[in-house]
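Undergrad: One structure follows; several queries about it will come next.
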Amino acid sequence: MSTTLPVSRARSRLTTIAALISVLIVAMAAQCRPAAGQSVKDFRAKSPTLQRADSSRVLRIGVTEEYPLMSIYDKNSTAKESQRWSGFDVAIARMLARELGFSQPENVQFVPITTDKRILSLQNGDVHLVVADFTMTDERRKHIRFAGPYLVTTPEVMIRKEDLGRIRNIDDLRKAKVCTTGASTTADMLEAEHVPHTKVARGAECAAGLKTGQFDAHCTDEVVIAGFLRGDDTLAKVDMPFTQTEPLGIGLPLDDPYLEALLAHYLRKQLALGSASEWQAAYNAFLTASLGPKEQPQLLPGYPELVDQENSRG
Amino acid sequence: MVKEGKDNEAFWTVAIGLPVLLSVLRLWVEAGGELQTTLLLVEHIDPVNLVAAMVATATWLVTAMFVAALALGGVLNASGEAGQGFWLARWAARAPLWLKAGSFALAAITWQVLYLPLLVLAACAAYQLRPRGWPGWLAVTGLAAAYGYLIGPVVADAWRLGPSVYVMTYVLLLVPPLLSLVIAGPLAPGAVRPIAIVTPLASAFLLAWIAVPLVQTPILPHTVTMISAPPDQSPGAPKYIGGHIVTSDNTHTAILAQQGGITYVRNERIEAQYLCPTDEEFPRYPLRIHRAGLSIELEHSVLRGLGRANRAGTPLHPACRVPAGK
């Protein structure tokens, strides 16, 4: 008896403590649910850009006019206005617009803009987004925001085929008449390499100038060059030892961190889908033939993680 | 005996009456507290649908009530005469086997996985289970190893998500199994009375607290209806109405709009309808048990997990993103 009594007393104490802790846990479980975190719905409602777009239910997206493979407008098409556009940039823009709730052709308006007007169009509210072969740079980040990259490219040089023996390296390029688009990262790179060049508003002007002899070389990113080279035997690409890579991002107004996070969220969702993503489908449809197979690039770090009802529905 | 009969009666009244009361309150809340809208809902919602919606969303609450009562009754019964005198102890002792087994079985499949360790704790209290002798401890060791294997990655994932998630995850997943080892047995004599009186009251308060969001859970499915511009206006971008479809006849569809009020839309203007999730479906614990061919989210019940294994979830339609009324 003298040994069993303390044992049973100890057990009853343990049971009592366990019972009290159990009640406490149940109370905590009812009270202390973690916060839902930053949600897609919240950010969607807070974004000033989307509020403006929602007032007319039209999302205006700036795209580069006549950039083969990236954004092409078919004047002869009888489809609804926004569906006359095609290309990789257009496909990415359309996917993002749909994710943001602009799912019908009438809900999206593609606005053709020249490369030198990309930042200005965002600043003065002409467009809500820019998906136009837009390289993410620190200098541009002072004026606008970027979500991405959604594609990483490298700069290349396009010349007439007959000049293949004449223009082979950067030294040769310095002696040639070089054309590029204004306010582009390629123009900055040419400055850094001390290559004299002429800036024009649209890449198509450089390509046309090459043919007429106005220019000897068109320097821009590999995707654009691949687009011009398709179906044109008179032009050729020269591999130059440019070390720079160009991460292309979605441009958006500086005052809208919410839209930036939302776009990053949807690009991340595409990454998670891997080979089944719409990104991959768009790449395969427009770029694989010219650039070879590629996977979607990882996003830059620092975009907030957003929770969505969809996360629990996968 | 008469008092005991009344106690039992009261318990059953609450067990059956609470869901019915909740159903009616839900209709009232759903209608935005407006009499005419409530009447319209009452007119068009089949009572069977109402009960079915209630069963689908509140079974866990009713089983929680029974499980809590059985667990407390089990501990009081083990506490000698001091505990056995309370009506909850007598009710638990006399509850038929089907009720005891049924409550735990239903709870096991309808509670969120996160709370199942609490159910194990409750079962140990209700049936006074504890390891006895070396075979018992051997079984406990085996179970603990299997449990550790199952939730090991979840514990690591929760740590990565920061204290807002891991504190409660650890409290709910790790503490109840430890308590299960010692919960069986008599309460300290001095604690019997306070626990027997305070715990049922606290539980009732907690159940009421939990039932409040349940009253706000919609009965009708949440949809977004895409409607075209009226025929006399130039065609433009379609409009979206988020809400619940109350009824539809040959000419009109009545939609209880998200921002309030009933909207009647001519059927020919309806272009499409999409099912959308509600805000309550935000995941709070974005964690998933992913082991041995098993894959289930911590916030899903076993039943929901089985359903999800059978058929993938509906992808969210972009129309669900459109703010109400745009």
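Each chain of the structure tokens is named A, B, ... in the order shown, its residues numbered from 1; ligands are numbered from 1 in display order.
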Find the residues in chain A near chain B: any atom within 10 Å counts, using only C-alpha atoms. Write them as a VMD selection string.

TA: chain A and resid 8 to 23 25 to 37 39 to 41 44 to 45 51 54 to 58 97 to 108 307 to 314

Undergrad: Residues within 10 Å of Leu88 in chain B, please, as a list in words. Count only C-alpha atoms; anything in the same chain fewer than 3 positions from it doesn't count.

TA: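 Once the nearby chain positions are removed, what remains is Glu4, Asp7, Asn8, Phe11, Ala69, Leu70, Ala71, Leu72, Gly73, Gly74, Leu76, Asn77, Gly83, Gln84, Gly85, Trp91, Ala92, Ala93, Arg94, Ala196, Ile197 and Pro200 of chain B.
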
Undergrad: Quick check, in Å to one decimal: how far apart do CA of Leu263 in chain A and CA of Arg140 in chain A lie?

TA: 17.9 Å

Undergrad: Using only C-alpha atoms, determine which residues lie at most 9 Å from Pro241 in chain A, disregarding the query and same-chain residues fewer than 2 positions distant; provide the list as a PyMOL selection string.

TA: chain A and resi 169-170+239+243

Undergrad: Next, the residues of the selection above should be written as a PDB file, in the first residue's frame with N, CA and C atoms.

TA:
ATOM      1  N   ASN A 169      33.531  40.929 -86.023  1.00  0.00           N
ATOM      2  CA  ASN A 169      33.741  41.142 -84.581  1.00  0.00           C
ATOM      3  C   ASN A 169      33.393  42.583 -84.212  1.00  0.00           C
ATOM      4  N   ILE A 170      33.613  42.911 -82.942  1.00  0.00           N
ATOM      5  CA  ILE A 170      33.195  44.232 -82.471  1.00  0.00           C
ATOM      6  C   ILE A 170      34.007  45.341 -83.157  1.00  0.00           C
ATOM      7  N   ASP A 239      27.574  36.057 -84.563  1.00  0.00           N
ATOM      8  CA  ASP A 239      27.780  35.880 -83.130  1.00  0.00           C
ATOM      9  C   ASP A 239      28.878  36.808 -82.667  1.00  0.00           C
ATOM     10  N   THR A 243      28.788  39.826 -73.591  1.00  0.00           N
ATOM     11  CA  THR A 243      28.612  38.984 -72.398  1.00  0.00           C
ATOM     12  C   THR A 243      27.260  39.240 -71.734  1.00  0.00           C
TER      13      THR A 243
END

Undergrad: In Å, with one decimal, what is the gap from CA of Asp221 in chain A to CA of Leu254 in chain A?

TA: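 Going from CA of Asp221 in chain A over to CA of Leu254 in chain A, I get 25.2 Å.
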
Undergrad: So that I can check the surroundings of Gly227 in chain A, please list as a ChimeraX atom specification every protein, DNA and RNA residue that reaches within 6 Å of it, counting only C-alpha atoms and ignoring chain neighbours fewer than 3 positions away.

TA: /A:68-69,224,230

Undergrad: Taking 5 positions as the minimum chain separation for residues in the same chain, which residues sit within 12 Å of Ser290 in chain A when counting only C-alpha atoms? Answer as JSON, numbers by chain.

TA: {"A": [68, 69, 70, 222, 223, 224, 225, 226, 227, 228, 229, 230, 231, 237, 283, 284, 285]}

Undergrad: Would you write out those residues with N, CA and C atoms, as a PDB file, in the first residue's frame?

TA:
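Saved as again17.pdb:
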ATOM      1  N   PRO A  68       8.435  40.526 -85.263  1.00  0.00           N
ATOM      2  CA  PRO A  68       8.135  39.132 -85.614  1.00  0.00           C
ATOM      3  C   PRO A  68       8.460  38.204 -84.446  1.00  0.00           C
ATOM      4  N   LEU A  69       7.668  37.189 -84.271  1.00  0.00           N
ATOM      5  CA  LEU A  69       7.742  36.188 -83.203  1.00  0.00           C
ATOM      6  C   LEU A  69       7.218  36.705 -81.862  1.00  0.00           C
ATOM      7  N   MET A  70       7.378  38.003 -81.606  1.00  0.00           N
ATOM      8  CA  MET A  70       6.995  38.529 -80.299  1.00  0.00           C
ATOM      9  C   MET A  70       5.600  39.155 -80.318  1.00  0.00           C
ATOM     10  N   GLU A 222      18.305  38.508 -79.476  1.00  0.00           N
ATOM     11  CA  GLU A 222      18.304  37.346 -80.370  1.00  0.00           C
ATOM     12  C   GLU A 222      16.898  36.973 -80.849  1.00  0.00           C
ATOM     13  N   VAL A 223      15.887  37.227 -80.002  1.00  0.00           N
ATOM     14  CA  VAL A 223      14.531  36.837 -80.391  1.00  0.00           C
ATOM     15  C   VAL A 223      14.063  37.671 -81.583  1.00  0.00           C
ATOM     16  N   VAL A 224      14.352  38.967 -81.466  1.00  0.00           N
ATOM     17  CA  VAL A 224      13.912  39.869 -82.522  1.00  0.00           C
ATOM     18  C   VAL A 224      14.633  39.524 -83.830  1.00  0.00           C
ATOM     19  N   ILE A 225      15.927  39.267 -83.709  1.00  0.00           N
ATOM     20  CA  ILE A 225      16.704  38.921 -84.909  1.00  0.00           C
ATOM     21  C   ILE A 225      16.187  37.621 -85.519  1.00  0.00           C
ATOM     22  N   ALA A 226      15.907  36.638 -84.661  1.00  0.00           N
ATOM     23  CA  ALA A 226      15.363  35.362 -85.159  1.00  0.00           C
ATOM     24  C   ALA A 226      14.073  35.610 -85.927  1.00  0.00           C
ATOM     25  N   GLY A 227      13.294  36.561 -85.455  1.00  0.00           N
ATOM     26  CA  GLY A 227      12.034  36.898 -86.116  1.00  0.00           C
ATOM     27  C   GLY A 227      12.262  37.479 -87.506  1.00  0.00           C
ATOM     28  N   PHE A 228      13.253  38.421 -87.612  1.00  0.00           N
ATOM     29  CA  PHE A 228      13.519  39.040 -88.912  1.00  0.00           C
ATOM     30  C   PHE A 228      14.145  38.045 -89.891  1.00  0.00           C
ATOM     31  N   LEU A 229      14.949  37.110 -89.341  1.00  0.00           N
ATOM     32  CA  LEU A 229      15.650  36.160 -90.212  1.00  0.00           C
ATOM     33  C   LEU A 229      14.718  35.110 -90.805  1.00  0.00           C
ATOM     34  N   ARG A 230      13.572  34.910 -90.131  1.00  0.00           N
ATOM     35  CA  ARG A 230      12.664  33.872 -90.611  1.00  0.00           C
ATOM     36  C   ARG A 230      12.126  34.231 -91.983  1.00  0.00           C
ATOM     37  N   GLY A 231      12.383  33.386 -92.924  1.00  0.00           N
ATOM     38  CA  GLY A 231      11.836  33.597 -94.263  1.00  0.00           C
ATOM     39  C   GLY A 231      12.539  34.701 -95.032  1.00  0.00           C
ATOM     40  N   LYS A 237      22.848  36.291 -89.188  1.00  0.00           N
ATOM     41  CA  LYS A 237      23.176  36.668 -87.810  1.00  0.00           C
ATOM     42  C   LYS A 237      24.667  36.465 -87.586  1.00  0.00           C
ATOM     43  N   TYR A 283       6.064  29.408 -75.775  1.00  0.00           N
ATOM     44  CA  TYR A 283       7.457  29.339 -76.251  1.00  0.00           C
ATOM     45  C   TYR A 283       7.568  28.356 -77.405  1.00  0.00           C
ATOM     46  N   ASN A 284       6.942  27.182 -77.210  1.00  0.00           N
ATOM     47  CA  ASN A 284       7.019  26.158 -78.257  1.00  0.00           C
ATOM     48  C   ASN A 284       6.366  26.647 -79.552  1.00  0.00           C
ATOM     49  N   ALA A 285       5.279  27.387 -79.414  1.00  0.00           N
ATOM     50  CA  ALA A 285       4.548  27.829 -80.591  1.00  0.00           C
ATOM     51  C   ALA A 285       5.329  28.888 -81.378  1.00  0.00           C
TER      52      ALA A 285
END

Undergrad: Could you give me, as a PDB file with C-alpha atoms, in the first residue's frame, the residues within 7 Å of Ala132 in chain A, counting only C-alpha atoms and dropping anything in the same chain fewer than 5 positions from it?

TA:
ATOM      1  CA  GLY A  62       1.534  48.011 -74.503  1.00  0.00           C
ATOM      2  CA  VAL A  63       3.201  45.774 -77.087  1.00  0.00           C
ATOM      3  CA  THR A  64       5.832  46.477 -79.729  1.00  0.00           C
ATOM      4  CA  ASP A  89       4.864  38.601 -75.879  1.00  0.00           C
TER       5      ASP A  89
END

Undergrad: Using only C-alpha atoms, which protein or nucleic acid residues come within 9 Å of Val29 in chain B? Drop anything in the same chain fewer than 4 positions from it, and give the result as a PyMOL selection string.

TA: chain B and resi 24-25+33-34+38+215-216+218

Undergrad: Grab the CA of Pro301 in chain A to CA of Arg141 in chain A distance for me, in Å with one decimal place.

TA: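 CA of Pro301 in chain A sits 15.1 Å away from CA of Arg141 in chain A.
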
Undergrad: Would you mind writing down, as an MDAnalysis selection string, each residue of range 102-264 of chain A that DSSP on the backbone assigns to helix (DSSP H, G or I)?

TA: chainID A and resid 105:107 115:123 138:141 161:163 170:175 185:192 203:212 222:229 257:264
